[in-house]
>>> print(open('target17.txt').read())   # compact mmCIF, C-alpha atoms (C1' of nucleotides)
# COMPACT_ATOMS: atom_id res chain seq x y z
CA MET A 1 28.02 -4.35 11.02
CA PRO A 2 24.62 -4.06 9.46
CA MET A 3 25.73 -1.37 7.06
CA SER A 4 22.68 -1.81 4.85
CA LYS A 5 20.38 -1.31 7.81
CA VAL A 6 22.25 1.80 8.87
CA PHE A 7 21.96 3.42 5.44
CA ASP A 8 18.36 2.33 5.19
CA ALA A 9 17.65 3.97 8.54
CA LEU A 10 19.34 7.15 7.31
CA SER A 11 17.24 7.23 4.14
CA HIS A 12 14.27 8.88 5.85
CA PRO A 13 14.49 12.56 6.81
CA ILE A 14 12.53 12.09 10.03
CA ARG A 15 14.94 9.42 11.20
CA ARG A 16 17.96 11.59 10.41
CA GLU A 17 16.40 14.44 12.36
CA VAL A 18 15.77 12.16 15.30
CA LEU A 19 19.47 11.41 15.40
CA GLU A 20 20.30 15.11 15.29
CA LEU A 21 17.86 15.76 18.10
CA LEU A 22 19.49 13.09 20.22
CA LYS A 23 22.90 14.69 19.84
CA GLY A 24 21.92 16.94 22.74
CA GLY A 25 21.24 13.99 25.02
CA GLY A 26 18.59 11.39 25.69
CA MET A 27 14.92 12.20 25.11
CA THR A 28 11.67 10.39 25.73
CA ALA A 29 9.77 8.91 22.82
CA GLY A 30 6.93 11.35 23.43
CA ASP A 31 9.16 14.42 23.47
CA ILE A 32 10.83 13.35 20.24
CA ALA A 33 7.48 12.58 18.65
CA ASP A 34 6.23 16.08 19.44
CA TYR A 35 8.81 17.50 17.05
CA PHE A 36 7.31 15.76 14.04
CA PRO A 37 3.99 16.09 12.25
CA VAL A 38 3.20 12.39 12.18
CA SER A 39 1.36 10.17 14.62
CA LYS A 40 3.05 8.58 17.58
CA PRO A 41 2.58 5.07 16.24
CA THR A 42 4.35 6.16 13.09
CA MET A 43 7.19 7.55 15.19
CA SER A 44 7.32 4.31 17.12
CA GLY A 45 7.97 2.56 13.80
CA HIS A 46 10.81 4.97 13.05
CA PHE A 47 12.34 4.33 16.47
CA ALA A 48 12.14 0.60 15.79
CA LYS A 49 14.08 1.01 12.55
CA LEU A 50 16.72 3.14 14.19
CA LYS A 51 17.03 0.62 16.99
CA GLU A 52 17.26 -2.27 14.55
CA ALA A 53 20.15 -0.49 12.84
CA GLY A 54 21.86 -0.05 16.20
CA LEU A 55 21.76 3.75 15.93
CA ILE A 56 19.74 4.34 19.09
CA GLN A 57 18.77 2.42 22.15
CA GLY A 58 15.83 2.80 24.51
CA GLU A 59 15.80 2.57 28.27
CA ASN A 60 12.68 2.35 30.42
CA ARG A 61 12.59 5.21 32.84
CA ARG A 62 9.61 5.86 35.11
CA GLY A 63 6.89 4.92 32.69
CA SER A 64 8.63 6.51 29.74
CA VAL A 65 11.22 5.34 27.26
CA VAL A 66 14.32 7.44 26.95
CA TYR A 67 16.14 7.04 23.66
CA THR A 68 19.82 7.76 23.37
CA LEU A 69 22.13 8.02 20.41
CA ASN A 70 24.63 5.30 19.62
CA MET A 71 27.20 7.37 17.82
CA SER A 72 29.73 4.57 17.48
CA THR A 73 27.48 2.55 15.17
CA LEU A 74 27.04 5.57 12.96
CA GLU A 75 30.74 6.34 12.91
CA GLU A 76 31.71 2.81 12.16
CA ALA A 77 29.33 2.41 9.24
CA LEU A 78 30.22 5.76 7.75
CA HIS A 79 33.95 5.39 8.17
CA THR A 80 33.99 1.85 6.87
CA PHE A 81 32.12 2.83 3.77
CA MET A 82 34.15 5.98 3.22
CA GLY A 83 37.31 3.96 3.62
CA ARG A 84 36.16 1.59 0.91
CA MET A 85 35.36 4.49 -1.35
CA GLY A 86 38.71 6.13 -0.78
CA LEU A 87 37.05 9.04 1.03
CA GLY A 88 39.43 8.99 3.98
CA ARG A 89 39.20 11.86 6.41
CA ALA A 90 42.92 12.56 6.22
CA GLU A 91 44.20 15.14 3.79
CA GLY A 92 46.97 13.88 1.54
CA GLU A 93 45.93 10.28 1.15
CA ALA A 94 46.70 9.40 -2.43
CA ARG A 95 45.16 5.94 -2.63
CA PRO A 96 45.51 3.48 -5.46
CA GLY A 97 42.74 3.78 -7.94
CA THR A 98 41.80 7.26 -6.95
CA LYS A 99 42.39 8.87 -10.30
CA PRO A 100 40.92 12.35 -10.39
CA GLN A 101 38.51 11.00 -12.94
CA GLY A 102 37.80 13.62 -15.63
CA GLU A 103 34.16 14.51 -15.82
CA THR A 104 32.24 12.93 -18.63
CA GLN A 105 30.50 15.49 -20.74
CA MET B 106 20.77 17.70 -2.46
CA PRO B 107 18.63 14.59 -2.50
CA MET B 108 20.19 13.24 0.65
CA SER B 109 17.39 10.75 1.24
CA LYS B 110 17.86 9.32 -2.24
CA VAL B 111 21.60 9.04 -1.72
CA PHE B 112 21.23 7.09 1.53
CA ASP B 113 18.49 5.00 0.01
CA ALA B 114 20.78 4.15 -2.90
CA LEU B 115 23.51 3.19 -0.43
CA SER B 116 21.21 0.89 1.51
CA HIS B 117 21.68 -2.04 -0.90
CA PRO B 118 24.97 -3.95 -0.90
CA ILE B 119 24.95 -4.45 -4.66
CA ARG B 120 24.63 -0.72 -5.23
CA ARG B 121 27.47 0.04 -2.83
CA GLU B 122 29.64 -2.49 -4.62
CA VAL B 123 28.83 -0.93 -7.96
CA LEU B 124 30.18 2.35 -6.66
CA GLU B 125 33.35 0.66 -5.44
CA LEU B 126 33.77 -1.00 -8.82
CA LEU B 127 33.48 2.35 -10.58
CA LYS B 128 36.27 3.85 -8.48
CA GLY B 129 38.65 2.33 -11.00
CA GLY B 130 37.03 4.16 -13.92
CA GLY B 131 33.99 3.88 -16.17
CA MET B 132 32.54 0.48 -17.01
CA THR B 133 29.79 -0.73 -19.28
CA ALA B 134 26.49 -1.86 -17.79
CA GLY B 135 27.14 -5.38 -19.01
CA ASP B 136 30.60 -5.60 -17.49
CA ILE B 137 29.31 -4.36 -14.17
CA ALA B 138 26.36 -6.74 -14.30
CA ASP B 139 28.71 -9.71 -14.80
CA TYR B 140 30.09 -9.12 -11.31
CA PHE B 141 26.78 -9.83 -9.62
CA PRO B 142 24.61 -12.92 -9.34
CA VAL B 143 21.37 -11.23 -10.38
CA SER B 144 19.80 -10.71 -13.78
CA LYS B 145 20.69 -7.81 -16.03
CA PRO B 146 17.24 -6.26 -15.76
CA THR B 147 17.62 -6.29 -12.00
CA MET B 148 20.99 -4.59 -12.38
CA SER B 149 19.41 -2.06 -14.69
CA GLY B 150 17.04 -1.18 -11.87
CA HIS B 151 19.97 -0.71 -9.50
CA PHE B 152 21.69 1.57 -12.04
CA ALA B 153 18.50 3.60 -12.29
CA LYS B 154 18.43 4.14 -8.55
CA LEU B 155 22.07 5.15 -8.44
CA LYS B 156 21.48 7.55 -11.33
CA GLU B 157 18.39 9.00 -9.67
CA ALA B 158 20.47 9.71 -6.59
CA GLY B 159 23.08 11.44 -8.75
CA LEU B 160 25.77 8.94 -7.75
CA ILE B 161 26.53 7.72 -11.27
CA GLN B 162 25.85 8.83 -14.79
CA GLY B 163 25.63 6.89 -18.03
CA GLU B 164 27.00 7.78 -21.44
CA ASN B 165 26.16 6.00 -24.68
CA ARG B 166 29.31 4.67 -26.26
CA ARG B 167 29.24 2.49 -29.36
CA GLY B 168 26.14 0.53 -28.54
CA SER B 169 27.00 0.20 -24.89
CA VAL B 170 26.38 2.37 -21.88
CA VAL B 171 29.40 3.36 -19.86
CA TYR B 172 28.64 4.30 -16.28
CA THR B 173 30.94 6.57 -14.33
CA LEU B 174 31.06 7.52 -10.69
CA ASN B 175 29.95 10.93 -9.51
CA MET B 176 32.04 11.20 -6.41
CA SER B 177 31.06 14.78 -5.64
CA THR B 178 27.44 13.84 -4.96
CA LEU B 179 28.58 11.16 -2.56
CA GLU B 180 31.00 13.47 -0.81
CA GLU B 181 28.49 16.24 -0.47
CA ALA B 182 25.77 14.07 1.01
CA LEU B 183 28.12 12.35 3.41
CA HIS B 184 29.91 15.48 4.52
CA THR B 185 26.71 17.45 4.93
CA PHE B 186 25.20 14.77 7.10
CA MET B 187 28.36 14.23 9.09
CA GLY B 188 28.60 17.95 9.63
CA ARG B 189 25.10 17.99 11.04
CA MET B 190 25.94 15.10 13.31
CA GLY B 191 29.11 16.74 14.53
CA LEU B 192 31.22 14.05 12.89
CA GLY B 193 33.66 16.50 11.34
CA ARG B 194 36.66 14.99 9.61
CA ALA B 195 39.13 17.23 11.45
CA GLU B 196 40.09 16.59 15.02
CA GLY B 197 39.77 19.80 16.98
CA GLU B 198 36.82 21.36 15.19
CA ALA B 199 34.64 22.71 17.90
CA ARG B 200 31.52 23.61 15.99
CA PRO B 201 28.45 25.20 17.45
CA GLY B 202 26.19 22.57 18.84
CA THR B 203 28.94 20.05 18.94
CA LYS B 204 28.99 19.48 22.65
CA PRO B 205 31.27 16.56 23.39
CA GLN B 206 28.19 14.80 24.61
CA GLY B 207 28.92 14.35 28.26
CA GLU B 208 25.48 15.20 29.47
CA THR B 209 23.73 11.93 28.88
CA GLN B 210 22.66 11.72 32.43
C1' DA C 211 16.77 -3.95 -44.72
C1' DT C 212 18.43 -7.66 -41.65
C1' DG C 213 20.52 -9.23 -38.01
C1' DC C 214 23.14 -9.24 -33.69
C1' DA C 215 24.56 -7.62 -29.22
C1' DA C 216 23.56 -4.65 -25.30
C1' DT C 217 20.39 -2.53 -22.43
C1' DT C 218 15.96 -1.16 -20.80
C1' DT C 219 10.93 -1.64 -20.30
C1' DA C 220 6.80 -4.36 -19.16
C1' DG C 221 4.41 -7.26 -16.34
C1' DG C 222 4.06 -10.31 -12.39
C1' DC C 223 4.80 -11.79 -7.61
C1' DA C 224 6.07 -11.57 -2.75
C1' DT C 225 7.63 -8.54 0.70
C1' DT C 226 8.33 -4.18 2.93
C1' DT C 227 7.34 0.64 3.91
C1' DA C 228 5.03 4.72 5.62
C1' DG C 229 1.20 6.38 7.12
C1' DC C 230 -3.38 6.19 9.64
C1' DT C 231 -6.98 4.95 13.65
C1' DA C 232 -8.18 2.10 17.35
C1' DA C 233 -6.95 -0.95 20.85
C1' DA C 234 -3.74 -3.08 24.03
C1' DT C 235 0.01 -2.90 27.24
C1' DG C 236 3.16 -0.87 30.91
C1' DC C 237 4.06 1.51 34.67
C1' DC C 238 3.39 5.00 38.18
C1' DT C 239 0.37 7.22 41.68
C1' DA C 240 -3.38 7.91 44.34
C1' DT D 241 -6.92 -1.75 42.61
C1' DA D 242 -8.28 1.74 39.71
C1' DG D 243 -7.00 5.71 36.92
C1' DG D 244 -4.15 7.90 33.79
C1' DC D 245 -0.32 8.89 30.96
C1' DA D 246 3.14 6.94 27.60
C1' DT D 247 4.24 3.81 24.26
C1' DT D 248 3.65 -0.03 21.31
C1' DT D 249 0.91 -3.46 18.74
C1' DA D 250 -2.88 -4.63 15.48
C1' DG D 251 -4.86 -4.12 11.37
C1' DC D 252 -5.60 -1.56 7.37
C1' DT D 253 -4.37 0.92 2.59
C1' DA D 254 -1.45 2.57 -0.95
C1' DA D 255 2.81 2.63 -2.81
C1' DA D 256 7.57 1.03 -3.34
C1' DT D 257 11.26 -2.73 -3.57
C1' DG D 258 13.73 -6.56 -5.37
C1' DC D 259 13.68 -10.18 -8.01
C1' DC D 260 12.36 -12.82 -12.17
C1' DT D 261 11.26 -13.93 -17.49
C1' DA D 262 9.92 -12.21 -21.82
C1' DA D 263 9.62 -8.55 -24.96
C1' DA D 264 10.95 -4.10 -26.82
C1' DT D 265 14.44 -0.88 -27.92
C1' DT D 266 18.77 0.94 -29.51
C1' DG D 267 23.06 1.10 -32.24
C1' DC D 268 26.35 -0.95 -35.33
C1' DA D 269 27.53 -3.82 -38.91
C1' DT D 270 26.39 -6.64 -42.64
>>> encode(input="target17.txt", output="structure tokens")
Amino acid sequence: MPMSKVFDALSHPIRREVLELLKGGGMTAGDIADYFPVSKPTMSGHFAKLKEAGLIQGENRRGSVVYTLNMSTLEEALHTFMGRMGLGRAEGEARPGTKPQGETQ
Amino acid sequence: MPMSKVFDALSHPIRREVLELLKGGGMTAGDIADYFPVSKPTMSGHFAKLKEAGLIQGENRRGSVVYTLNMSTLEEALHTFMGRMGLGRAEGEARPGTKPQGETQ
DNA sequence: ATGCAATTTAGGCATTTAGCTAAATGCCTA
DNA sequence: TAGGCATTTAGCTAAATGCCTAAATTGCAT
């Protein structure tokens, strides 16, 4: 439900890339951090924001933390917002108020 | 292409509501501002961020500024990101790298 | 040229962000 | 229990955000 936090989390390219990386399955904080040219503490801050938005979760695993993607939070935020904007993912959905809107200038 | 700026613009509820309001057609800055419980200068700052992200544009019209939605920027950013995340809007679209995600341990 | 209405800019304040280094904590293994 | 690796917390700086009031701008009409 924290749509603002989700979009805020998505507003940084490193955090978006982390999500893409996690599509392939869980990864440790260290392995993720090695992909990016910033310090590990900085990455830890990015993980915290992603976690706060509900987009990832961390699990302690033998001295490491394995982060995994929470795709449902992402889907829900995106679909809710797109629904409000009339950007449904179906094809012929003529919605009220969706005038083709002639370009200004 | 400024995907970070688009998501950043979407991270504030007032800015998202402005976009929804503009679905119905262009509106003047003043008319939009009247919908929200913040000062007009604050709203002007929100308009500036939306404009910077390419989500709206303003046109001078008889002493007022009429803002209109730029839906294509929104669609492009959202669809590009969803594509990268494997959140295609069709149902059977097996894209490369879009493993159904069974392998999370 | 004056004035009015609409909008933006300027300046200020409190909070947050993104980055860093250095230090602390956790958790295995020997 | 001591060492060592992995991760986070602490503490800092510089810059950005979100909000405000007051002032400047712009455009149209007297």
>>> atom_distance(input="target17.txt", atom1="atom CA of Ile161 of chain B", atom2="atom CA of Met176 of chain B")
8.1 Å
>>> calpha_fit_and_write(input="target17.txt", fixed="chain A", moving="chain B", output="short mmCIF file (atom, residue, chain, number, x, y, z; two decimals) with C-alpha atoms, keeping the file's coordinate frame")
data_model
loop_
_atom_site.label_atom_id
_atom_site.label_comp_id
_atom_site.auth_asym_id
_atom_site.auth_seq_id
_atom_site.Cartn_x
_atom_site.Cartn_y
_atom_site.Cartn_z
CA MET B 106 27.90 -3.73 9.85
CA PRO B 107 24.37 -3.43 8.54
CA MET B 108 25.26 -0.62 6.21
CA SER B 109 22.10 -1.03 4.14
CA LYS B 110 19.96 -0.72 7.25
CA VAL B 111 21.84 2.38 8.34
CA PHE B 112 21.32 4.15 5.01
CA ASP B 113 17.74 2.98 4.91
CA ALA B 114 17.18 4.45 8.37
CA LEU B 115 18.73 7.72 7.20
CA SER B 116 16.47 7.92 4.16
CA HIS B 117 13.55 9.43 6.11
CA PRO B 118 13.74 13.06 7.25
CA ILE B 119 11.97 12.36 10.53
CA ARG B 120 14.51 9.69 11.42
CA ARG B 121 17.42 11.98 10.59
CA GLU B 122 15.91 14.68 12.77
CA VAL B 123 15.49 12.25 15.62
CA LEU B 124 19.21 11.59 15.49
CA GLU B 125 19.96 15.31 15.52
CA LEU B 126 17.65 15.75 18.49
CA LEU B 127 19.47 13.03 20.40
CA LYS B 128 22.82 14.74 19.92
CA GLY B 129 21.94 16.79 22.98
CA GLY B 130 21.47 13.70 25.15
CA GLY B 131 18.88 11.01 25.83
CA MET B 132 15.19 11.79 25.49
CA THR B 133 12.02 9.88 26.18
CA ALA B 134 9.99 8.49 23.28
CA GLY B 135 7.14 10.81 24.17
CA ASP B 136 9.29 13.93 24.25
CA ILE B 137 10.80 13.08 20.91
CA ALA B 138 7.40 12.29 19.43
CA ASP B 139 6.10 15.73 20.47
CA TYR B 140 8.53 17.32 18.02
CA PHE B 141 6.91 15.72 15.00
CA PRO B 142 3.49 16.06 13.40
CA VAL B 143 2.78 12.34 13.18
CA SER B 144 1.14 9.96 15.62
CA LYS B 145 3.04 8.26 18.41
CA PRO B 146 2.58 4.81 16.92
CA THR B 147 4.12 6.09 13.71
CA MET B 148 7.03 7.47 15.73
CA SER B 149 7.35 4.14 17.47
CA GLY B 150 7.86 2.57 14.06
CA HIS B 151 10.58 5.09 13.25
CA PHE B 152 12.31 4.32 16.57
CA ALA B 153 12.17 0.63 15.72
CA LYS B 154 13.92 1.22 12.42
CA LEU B 155 16.60 3.35 14.01
CA LYS B 156 17.12 0.69 16.68
CA GLU B 157 17.28 -2.07 14.08
CA ALA B 158 20.01 -0.15 12.31
CA GLY B 159 21.91 0.18 15.59
CA LEU B 160 21.70 3.98 15.50
CA ILE B 161 19.85 4.37 18.80
CA GLN B 162 19.09 2.27 21.81
CA GLY B 163 16.28 2.44 24.34
CA GLU B 164 16.44 2.03 28.10
CA ASN B 165 13.44 1.64 30.39
CA ARG B 166 13.44 4.39 32.96
CA ARG B 167 10.57 4.86 35.40
CA GLY B 168 7.76 3.96 33.07
CA SER B 169 9.27 5.76 30.13
CA VAL B 170 11.74 4.76 27.48
CA VAL B 171 14.79 6.93 27.10
CA TYR B 172 16.44 6.73 23.70
CA THR B 173 20.09 7.57 23.26
CA LEU B 174 22.22 8.03 20.19
CA ASN B 175 24.74 5.42 19.13
CA MET B 176 27.14 7.63 17.29
CA SER B 177 29.71 4.91 16.68
CA THR B 178 27.38 2.96 14.39
CA LEU B 179 26.75 6.08 12.36
CA GLU B 180 30.42 6.93 12.15
CA GLU B 181 31.42 3.45 11.16
CA ALA B 182 28.88 3.13 8.38
CA LEU B 183 29.62 6.57 7.00
CA HIS B 184 33.37 6.28 7.20
CA THR B 185 33.42 2.80 5.74
CA PHE B 186 31.35 3.87 2.79
CA MET B 187 33.27 7.09 2.28
CA GLY B 188 36.49 5.13 2.42
CA ARG B 189 35.25 2.86 -0.33
CA MET B 190 34.25 5.85 -2.40
CA GLY B 191 37.59 7.53 -1.91
CA LEU B 192 35.97 10.33 0.08
CA GLY B 193 38.56 10.24 2.85
CA ARG B 194 38.29 12.95 5.46
CA ALA B 195 41.96 13.91 5.18
CA GLU B 196 43.26 15.95 2.31
CA GLY B 197 46.31 14.26 0.87
CA GLU B 198 45.37 10.64 1.43
CA ALA B 199 46.29 8.89 -1.74
CA ARG B 200 44.70 5.51 -1.24
CA PRO B 201 44.91 2.63 -3.63
CA GLY B 202 42.21 2.92 -6.20
CA THR B 203 41.69 6.54 -5.47
CA LYS B 204 42.62 7.89 -8.84
CA PRO B 205 41.78 11.57 -8.94
CA GLN B 206 39.28 10.67 -11.58
CA GLY B 207 40.63 12.45 -14.60
CA GLU B 208 39.98 9.67 -17.03
CA THR B 209 36.32 10.21 -17.70
CA GLN B 210 36.91 10.47 -21.36
#
>>> closest_residue(input="target17.txt", among="C:DA232, C:DA211, C:DA224, C:DC238", to="chain A", atoms="all atoms listed in the file")
C:DC238
>>> residues_around(input="target17.txt", residues="DT261 of chain D", least_positions_apart="3", cutoff="10 Å", atoms="only C-alpha atoms (C1' of nucleotides)", output="list in words")
Ser144 and Pro146 of chain B; DG221 and DG222 of chain C
>>> interface_residues(input="target17.txt", of="chain C", to="chain B", cutoff="9 Å", atoms="all atoms listed in the file", output="PyMOL selection string")
chain C and resi 215-218
>>> interface_residues(input="target17.txt", of="chain A", to="chain B", cutoff="6 Å", atoms="all atoms listed in the file", output="VMD selection string")
chain A and resid 4 7 to 8 11 to 12 20 25 85 89 97
>>> closest_residue(input="target17.txt", among="B:Ala153, B:Thr147, B:Ala138, B:Ile119", to="chain D", atoms="all atoms listed in the file")
B:Thr147
>>> atom_distance(input="target17.txt", atom1="atom C1' of DC260 of chain D", atom2="atom CA of Met148 of chain B")
11.9 Å
>>> closest_atom_pairs(input="target17.txt", of="chain D", to="chain A", cutoff="10 Å", atoms="all atoms listed in the file", output="JSON lines")
{"residue": "D:DC245", "atom": "C1'", "partner": "A:Gly63", "partner_atom": "CA", "distance": 8.4}
{"residue": "D:DA246", "atom": "C1'", "partner": "A:Ser64", "partner_atom": "CA", "distance": 5.9}
{"residue": "D:DT247", "atom": "C1'", "partner": "A:Ser64", "partner_atom": "CA", "distance": 7.5}
{"residue": "D:DT248", "atom": "C1'", "partner": "A:Ser44", "partner_atom": "CA", "distance": 7.1}
{"residue": "D:DT249", "atom": "C1'", "partner": "A:Pro41", "partner_atom": "CA", "distance": 9.0}
>>> atom_distance(input="target17.txt", atom1="atom CA of Val38 of chain A", atom2="atom CA of His184 of chain B")
28.0 Å
